[in-house]
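Each remark here refers to the structure printed beneath this line.
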Amino acid sequence: MNNDRDLSADLQARVTEARRNKTPLNITGGGSKAFYGRHPQGRVFKVAGHRGVTAYEPAELVITARAGTPLHELETLLAGQRQMLAFEPPHFSTGATLGGCVASGLSGPRRPYAGAVRDFVLGVKCLTGKGEILSFGGQVMKNVAGYDVSRLMAGALGTLGILLEVSLKVLPRPAADTTLYFAVSAGQVLDMMNRWAGQPLPLSAACYDHGQLFVRLSGSEPGVAAAAAKIGGDVYPHGTQLWHDLREHRLAFFNGSLPLWRVSVPSAAPPLDLPGAQLIDWGGAQRWIKGDVPAGQVRDRAASLGGHAALFRHGDRRGAAFHPLAPPLMVLHQRLKHAFDPDNILNPGRMYVGS
């Protein structure tokens with residue numbers, strides 16, 4: 001790829017200086033996820049220049065790249081070998097990077113059927129708040145005692161370390177895809193999604209928006225055809241665009257500036273029964289709510305259903321953006337934060353107040 005650069009030594013020197021001066025750093029890649037989490041604090045610390053694929057073994061289904069590598073370049077390279085990032089990471093802008101993809105921990109429509117970002121992270125190289133460069137994991141799946149640090153970095157928003165390099169498991173692209181749609185009521189949709197999920201069907205996405213249920217089937221051509229005949233519905237001719245627009249929040253539902261809540265619950269959980277517009281994704285496990293709904297009301301309802309809620313976009317980001325952790329989990333979070341970043345200079349307060 002063009003412009004491949006290893007800036008590890010420069011980034012390490014800058015973090016060491018920041019620690020010496022107690023300067024908080026706002027870690028920034030392509031800026032595509034800057035809206036996510038609490039409001040960024042500290043001096044802007046750009047890492048997007050640290051880029052380039054360092055190893056790719058298509059036969060081994062593994063790719064390793066520096067964190068500043070543009071996500072679209074990585075996916076183009078994989079597509080040339082008919083491979084993909086199976087968790088379908090959202091970009092949200094052309095500047096999206098591999099590091100931001102892993103640090104945000106966000107996955108697209110295929111997530112409940114293929115796995116989340118952390119499920120595909122094999123290893124990472126990161127720069128801690130102490131100025132140390134550490135490597136965890138590798139290029140194969142390993143079961144080890146203690147913390148799987150490489151996967152801890154997924155979704156940590158840079159608070160535990162600055163990602164320098166990531167190894168990911170990749171998967172072959174399916175031979176066939178088809179999208180079906182059904183006009184159903186909100187009262188029917190969760191039962192349908194969960195009934196299909198319990199059957200041996202090649203599901204790869206299922207969402208409900210404005211009275212329509214959309215289902216994607218992916219796999220071999222005979223398998224997809226047989227599954228489509230079994231569940232019925234009508235073929236939706238713009239399926240590829242639909243799932244891309246859902247992943248990138250370009251559907252009409254996501255327009256506007258009202259607070260957008262992401263509610264994660266068990267897929268069979270009953271309707272949220274909250275005010276505001278709603279969209280259901282992940283076969284029922286991810287519920288989006290848009291509107292001026294009190295934060296406490298959203299979080300209490302999510303907790304009552306065995307889930308949690310996060311303020312995803314817009315709204316007041318000075319308070320709690322993510323669901324508050326239970327006290328024992330907060331203690332664990334703070335201990336991990338202190339171990340990797342004892343002076344709290346890496347994205348301070350981006351996830352939780354004070355850490």
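Going by the structure tokens order, chains are called A, B, ..., each with residues numbered from 1, while ligands are numbered from 1 in the order shown.
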
Would you list the contacts of region 59-70 of chain A as a PyMOL selection string, taking every protein, DNA or RNA residue within 6 Å and counting only C-alpha atoms, but skipping same-chain residues closer than 4 positions in sequence?
chain A and resi 48-55+96-99+163-170

Put those residues in a file: C-alpha atoms, as a PDB file, in the first residue's frame.
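That gives us selection-v8.pdb:
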```pdb
ATOM      1  CA  ALA A  48      -3.302   7.909  11.621  1.00  0.00           C
ATOM      2  CA  GLY A  49       0.135   8.262   9.991  1.00  0.00           C
ATOM      3  CA  HIS A  50       1.241   4.947  11.527  1.00  0.00           C
ATOM      4  CA  ARG A  51      -0.047   2.674   8.778  1.00  0.00           C
ATOM      5  CA  GLY A  52       0.528  -0.255   6.456  1.00  0.00           C
ATOM      6  CA  VAL A  53      -0.187  -3.983   6.223  1.00  0.00           C
ATOM      7  CA  THR A  54       2.713  -5.866   7.774  1.00  0.00           C
ATOM      8  CA  ALA A  55       1.566  -9.443   7.059  1.00  0.00           C
ATOM      9  CA  ALA A  96     -11.924   5.251   9.433  1.00  0.00           C
ATOM     10  CA  THR A  97      -8.841   3.294  10.515  1.00  0.00           C
ATOM     11  CA  LEU A  98      -8.147  -0.204  11.754  1.00  0.00           C
ATOM     12  CA  GLY A  99      -7.205   1.161  15.176  1.00  0.00           C
ATOM     13  CA  LEU A 163      -3.004   0.509  19.408  1.00  0.00           C
ATOM     14  CA  LEU A 164       0.028   0.232  17.137  1.00  0.00           C
ATOM     15  CA  GLU A 165      -0.655  -3.023  15.307  1.00  0.00           C
ATOM     16  CA  VAL A 166      -3.513  -5.527  15.168  1.00  0.00           C
ATOM     17  CA  SER A 167      -3.756  -9.111  13.901  1.00  0.00           C
ATOM     18  CA  LEU A 168      -7.242 -10.162  12.836  1.00  0.00           C
ATOM     19  CA  LYS A 169      -8.842 -13.381  11.767  1.00  0.00           C
ATOM     20  CA  VAL A 170     -10.657 -12.942   8.442  1.00  0.00           C
TER      21      VAL A 170
END
```

Find the spatial neighbours of Ser104 (chain A), counting only C-alpha atoms, within a cut-off of 7 Å - ignore same-chain residues fewer than 6 positions away - and output them as a list in words.
Ala154, Gly155, Ala156 and Leu157 of chain A

Write the residues of the preceding selection, restricted to N, CA and C atoms, as an mmCIF file, in the first residue's frame.
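result_10.cif written:
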```cif
data_model
loop_
_atom_site.group_PDB
_atom_site.id
_atom_site.type_symbol
_atom_site.label_atom_id
_atom_site.label_comp_id
_atom_site.auth_asym_id
_atom_site.auth_seq_id
_atom_site.Cartn_x
_atom_site.Cartn_y
_atom_site.Cartn_z
ATOM 1 N N ALA A 154 -10.279 -4.190 22.550
ATOM 2 C CA ALA A 154 -11.458 -3.977 21.708
ATOM 3 C C ALA A 154 -12.561 -3.327 22.522
ATOM 4 N N GLY A 155 -12.916 -2.114 22.137
ATOM 5 C CA GLY A 155 -13.953 -1.378 22.845
ATOM 6 C C GLY A 155 -13.452 -0.521 23.986
ATOM 7 N N ALA A 156 -12.136 -0.502 24.223
ATOM 8 C CA ALA A 156 -11.592 0.276 25.340
ATOM 9 C C ALA A 156 -11.380 1.738 24.985
ATOM 10 N N LEU A 157 -11.632 2.112 23.728
ATOM 11 C CA LEU A 157 -11.528 3.506 23.269
ATOM 12 C C LEU A 157 -10.170 4.138 23.591
#
```

From region 38-115 of chain A, collect each residue whose DSSP state is strand (DSSP E) and return the set as an NGL selection string.
:A and (43-46 or 53-57 or 62-66 or 83-84)

Write out as a VMD selection string the residues lying within 12 Å of Val263 (chain A), counting only C-alpha atoms and excluding same-chain residues fewer than 5 positions away.
chain A and resid 269 271 to 272 274 278 to 282 284 to 290 295 297 to 312 322 to 323

Those same residues, written as a tab-separated table (two decimals), in the first residue's frame with N, CA and C atoms?
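See out23.tsv below for the written result:
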```
chain	number	residue	atom	x	y	z
A	269	ALA	N	-35.86	-10.60	24.37
A	269	ALA	CA	-36.45	-9.67	25.33
A	269	ALA	C	-37.68	-9.01	24.73
A	271	PRO	N	-40.59	-6.05	23.87
A	271	PRO	CA	-40.40	-4.66	23.40
A	271	PRO	C	-40.00	-3.72	24.53
A	272	LEU	N	-39.26	-2.68	24.19
A	272	LEU	CA	-38.76	-1.75	25.21
A	272	LEU	C	-39.87	-0.90	25.82
A	274	LEU	N	-40.70	2.18	25.25
A	274	LEU	CA	-40.20	3.51	25.56
A	274	LEU	C	-40.63	4.48	24.47
A	278	GLN	N	-37.98	3.85	17.00
A	278	GLN	CA	-37.13	2.69	17.29
A	278	GLN	C	-36.83	1.89	16.04
A	279	LEU	N	-35.66	1.28	16.04
A	279	LEU	CA	-35.23	0.36	14.99
A	279	LEU	C	-34.59	-0.84	15.69
A	280	ILE	N	-34.91	-2.04	15.22
A	280	ILE	CA	-34.38	-3.26	15.82
A	280	ILE	C	-33.36	-3.89	14.87
A	281	ASP	N	-32.20	-4.22	15.41
A	281	ASP	CA	-31.14	-4.85	14.62
A	281	ASP	C	-30.66	-6.09	15.36
A	282	TRP	N	-29.70	-6.79	14.76
A	282	TRP	CA	-29.07	-7.96	15.36
A	282	TRP	C	-30.09	-9.02	15.77
A	284	GLY	N	-32.90	-8.75	17.05
A	284	GLY	CA	-33.59	-8.41	18.29
A	284	GLY	C	-32.67	-8.03	19.43
A	285	ALA	N	-31.36	-8.27	19.28
A	285	ALA	CA	-30.43	-8.04	20.39
A	285	ALA	C	-29.94	-6.60	20.49
A	286	GLN	N	-30.14	-5.82	19.45
A	286	GLN	CA	-29.74	-4.41	19.48
A	286	GLN	C	-30.94	-3.55	19.09
A	287	ARG	N	-31.35	-2.69	20.01
A	287	ARG	CA	-32.50	-1.83	19.79
A	287	ARG	C	-32.03	-0.37	19.80
A	288	TRP	N	-32.33	0.35	18.75
A	288	TRP	CA	-31.97	1.76	18.66
A	288	TRP	C	-33.19	2.60	19.00
A	289	ILE	N	-32.99	3.62	19.83
A	289	ILE	CA	-34.07	4.54	20.20
A	289	ILE	C	-33.60	5.96	19.92
A	290	LYS	N	-34.42	6.72	19.23
A	290	LYS	CA	-34.09	8.11	18.91
A	290	LYS	C	-35.16	9.01	19.50
A	295	ALA	N	-32.36	9.74	30.34
A	295	ALA	CA	-31.34	8.70	30.39
A	295	ALA	C	-31.68	7.62	31.40
A	297	GLN	N	-34.53	6.61	32.42
A	297	GLN	CA	-35.62	5.76	31.95
A	297	GLN	C	-35.12	4.70	30.97
A	298	VAL	N	-34.23	5.11	30.07
A	298	VAL	CA	-33.69	4.16	29.09
A	298	VAL	C	-32.85	3.10	29.79
A	299	ARG	N	-31.98	3.53	30.69
A	299	ARG	CA	-31.08	2.58	31.36
A	299	ARG	C	-31.83	1.65	32.30
A	300	ASP	N	-32.82	2.17	33.00
A	300	ASP	CA	-33.60	1.32	33.90
A	300	ASP	C	-34.34	0.24	33.12
A	301	ARG	N	-34.92	0.62	31.98
A	301	ARG	CA	-35.66	-0.36	31.18
A	301	ARG	C	-34.70	-1.40	30.61
A	302	ALA	N	-33.54	-0.97	30.13
A	302	ALA	CA	-32.56	-1.92	29.60
A	302	ALA	C	-32.12	-2.90	30.68
A	303	ALA	N	-31.84	-2.38	31.88
A	303	ALA	CA	-31.39	-3.24	32.98
A	303	ALA	C	-32.48	-4.23	33.38
A	304	SER	N	-33.73	-3.79	33.35
A	304	SER	CA	-34.83	-4.68	33.73
A	304	SER	C	-34.98	-5.85	32.76
A	305	LEU	N	-34.47	-5.68	31.56
A	305	LEU	CA	-34.54	-6.74	30.55
A	305	LEU	C	-33.24	-7.53	30.45
A	306	GLY	N	-32.32	-7.27	31.39
A	306	GLY	CA	-31.06	-8.00	31.38
A	306	GLY	C	-30.03	-7.43	30.43
A	307	GLY	N	-30.15	-6.14	30.11
A	307	GLY	CA	-29.22	-5.53	29.16
A	307	GLY	C	-28.62	-4.24	29.67
A	308	HIS	N	-28.16	-3.42	28.75
A	308	HIS	CA	-27.55	-2.13	29.10
A	308	HIS	C	-27.77	-1.16	27.95
A	309	ALA	N	-27.59	0.12	28.23
A	309	ALA	CA	-27.84	1.16	27.24
A	309	ALA	C	-26.70	2.16	27.21
A	310	ALA	N	-26.43	2.68	26.03
A	310	ALA	CA	-25.39	3.69	25.86
A	310	ALA	C	-25.92	4.82	25.00
A	311	LEU	N	-25.56	6.04	25.36
A	311	LEU	CA	-25.86	7.20	24.52
A	311	LEU	C	-24.88	7.16	23.37
A	312	PHE	N	-25.35	6.82	22.19
A	312	PHE	CA	-24.45	6.57	21.07
A	312	PHE	C	-24.04	7.84	20.35
A	322	PHE	N	-21.91	5.73	28.72
A	322	PHE	CA	-22.10	4.28	28.79
A	322	PHE	C	-22.85	3.90	30.06
A	323	HIS	N	-23.45	2.73	30.02
A	323	HIS	CA	-24.19	2.23	31.17
A	323	HIS	C	-23.24	2.15	32.37
```

Give the answer as one residue: which of A:Leu190, A:Ala320, A:Ala252, A:Gln334 has the shortest atom-to-atom distance to Ala268 (chain A), using only C-alpha atoms?
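Between A:Leu190, A:Ala320, A:Ala252, A:Gln334, the residue approaching Ala268 (chain A) most closely is A:Leu190.
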
Just list the residues in region 70-106 of chain A DSSP gives helix (DSSP H, G or I) on the backbone, as a PyMOL selection string.
chain A and resi 71-79+98-104

Excluding region 331-333 of chain A and any residue of its chain fewer than 3 positions from it, enumerate the residues within 12 Å of it, using only C-alpha atoms, and give them as a list of chain:residue names.
A:Tyr147, A:Leu152, A:Ala156, A:Thr159, A:Leu160, A:Pro324, A:Leu325, A:Ala326, A:Pro327, A:Pro328, A:Leu336, A:Lys337, A:His338, A:Ala339, A:Phe340, A:Asp341, A:Met351, A:Tyr352, A:Gly354, A:Ser355

Convert the current residue selection to file output with C-alpha atoms, as an mmCIF file, in the first residue's frame.
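The resulting file, out.cif, is reproduced below:
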```
data_model
loop_
_atom_site.group_PDB
_atom_site.id
_atom_site.type_symbol
_atom_site.label_atom_id
_atom_site.label_comp_id
_atom_site.auth_asym_id
_atom_site.auth_seq_id
_atom_site.Cartn_x
_atom_site.Cartn_y
_atom_site.Cartn_z
ATOM 1 C CA TYR A 147 -6.719 -11.681 30.970
ATOM 2 C CA LEU A 152 -9.485 -6.150 26.228
ATOM 3 C CA ALA A 156 -11.592 0.276 25.340
ATOM 4 C CA THR A 159 -8.027 4.234 27.513
ATOM 5 C CA LEU A 160 -5.776 1.216 28.149
ATOM 6 C CA PRO A 324 -22.707 2.648 34.687
ATOM 7 C CA LEU A 325 -20.662 -0.338 35.808
ATOM 8 C CA ALA A 326 -21.552 -2.284 38.931
ATOM 9 C CA PRO A 327 -19.117 -1.381 41.775
ATOM 10 C CA PRO A 328 -17.033 -4.603 41.515
ATOM 11 C CA LEU A 336 -6.706 -2.257 34.662
ATOM 12 C CA LYS A 337 -6.589 1.415 33.769
ATOM 13 C CA HIS A 338 -3.991 2.066 36.482
ATOM 14 C CA ALA A 339 -1.870 -0.887 35.351
ATOM 15 C CA PHE A 340 -1.666 0.361 31.761
ATOM 16 C CA ASP A 341 -1.951 4.110 32.310
ATOM 17 C CA MET A 351 -15.442 5.976 28.896
ATOM 18 C CA TYR A 352 -16.254 6.855 32.500
ATOM 19 C CA GLY A 354 -12.417 10.064 36.179
ATOM 20 C CA SER A 355 -10.901 7.179 34.237
#
```

Write out as a PDB file with C-alpha atoms, in the first residue's frame each polymer residue whose atoms come within 8 Å of region 116-118 of chain A, counting only C-alpha atoms; drop sequence neighbours fewer than 5 positions from it.
```
ATOM      1  CA  PHE A  87     -18.026  -8.459  11.912  1.00  0.00           C
ATOM      2  CA  PRO A  89     -17.247  -2.780  11.093  1.00  0.00           C
ATOM      3  CA  VAL A 102     -10.906  -2.103  17.172  1.00  0.00           C
ATOM      4  CA  GLY A 105     -15.463  -2.197  19.355  1.00  0.00           C
ATOM      5  CA  LEU A 106     -18.366  -1.537  16.992  1.00  0.00           C
ATOM      6  CA  SER A 107     -19.767  -4.262  14.754  1.00  0.00           C
ATOM      7  CA  ARG A 111     -22.346  -9.490  14.420  1.00  0.00           C
ATOM      8  CA  ARG A 151      -9.265  -8.549  23.301  1.00  0.00           C
ATOM      9  CA  LEU A 152      -9.485  -6.150  26.228  1.00  0.00           C
ATOM     10  CA  ALA A 154     -11.458  -3.977  21.708  1.00  0.00           C
TER      11      ALA A 154
END
```
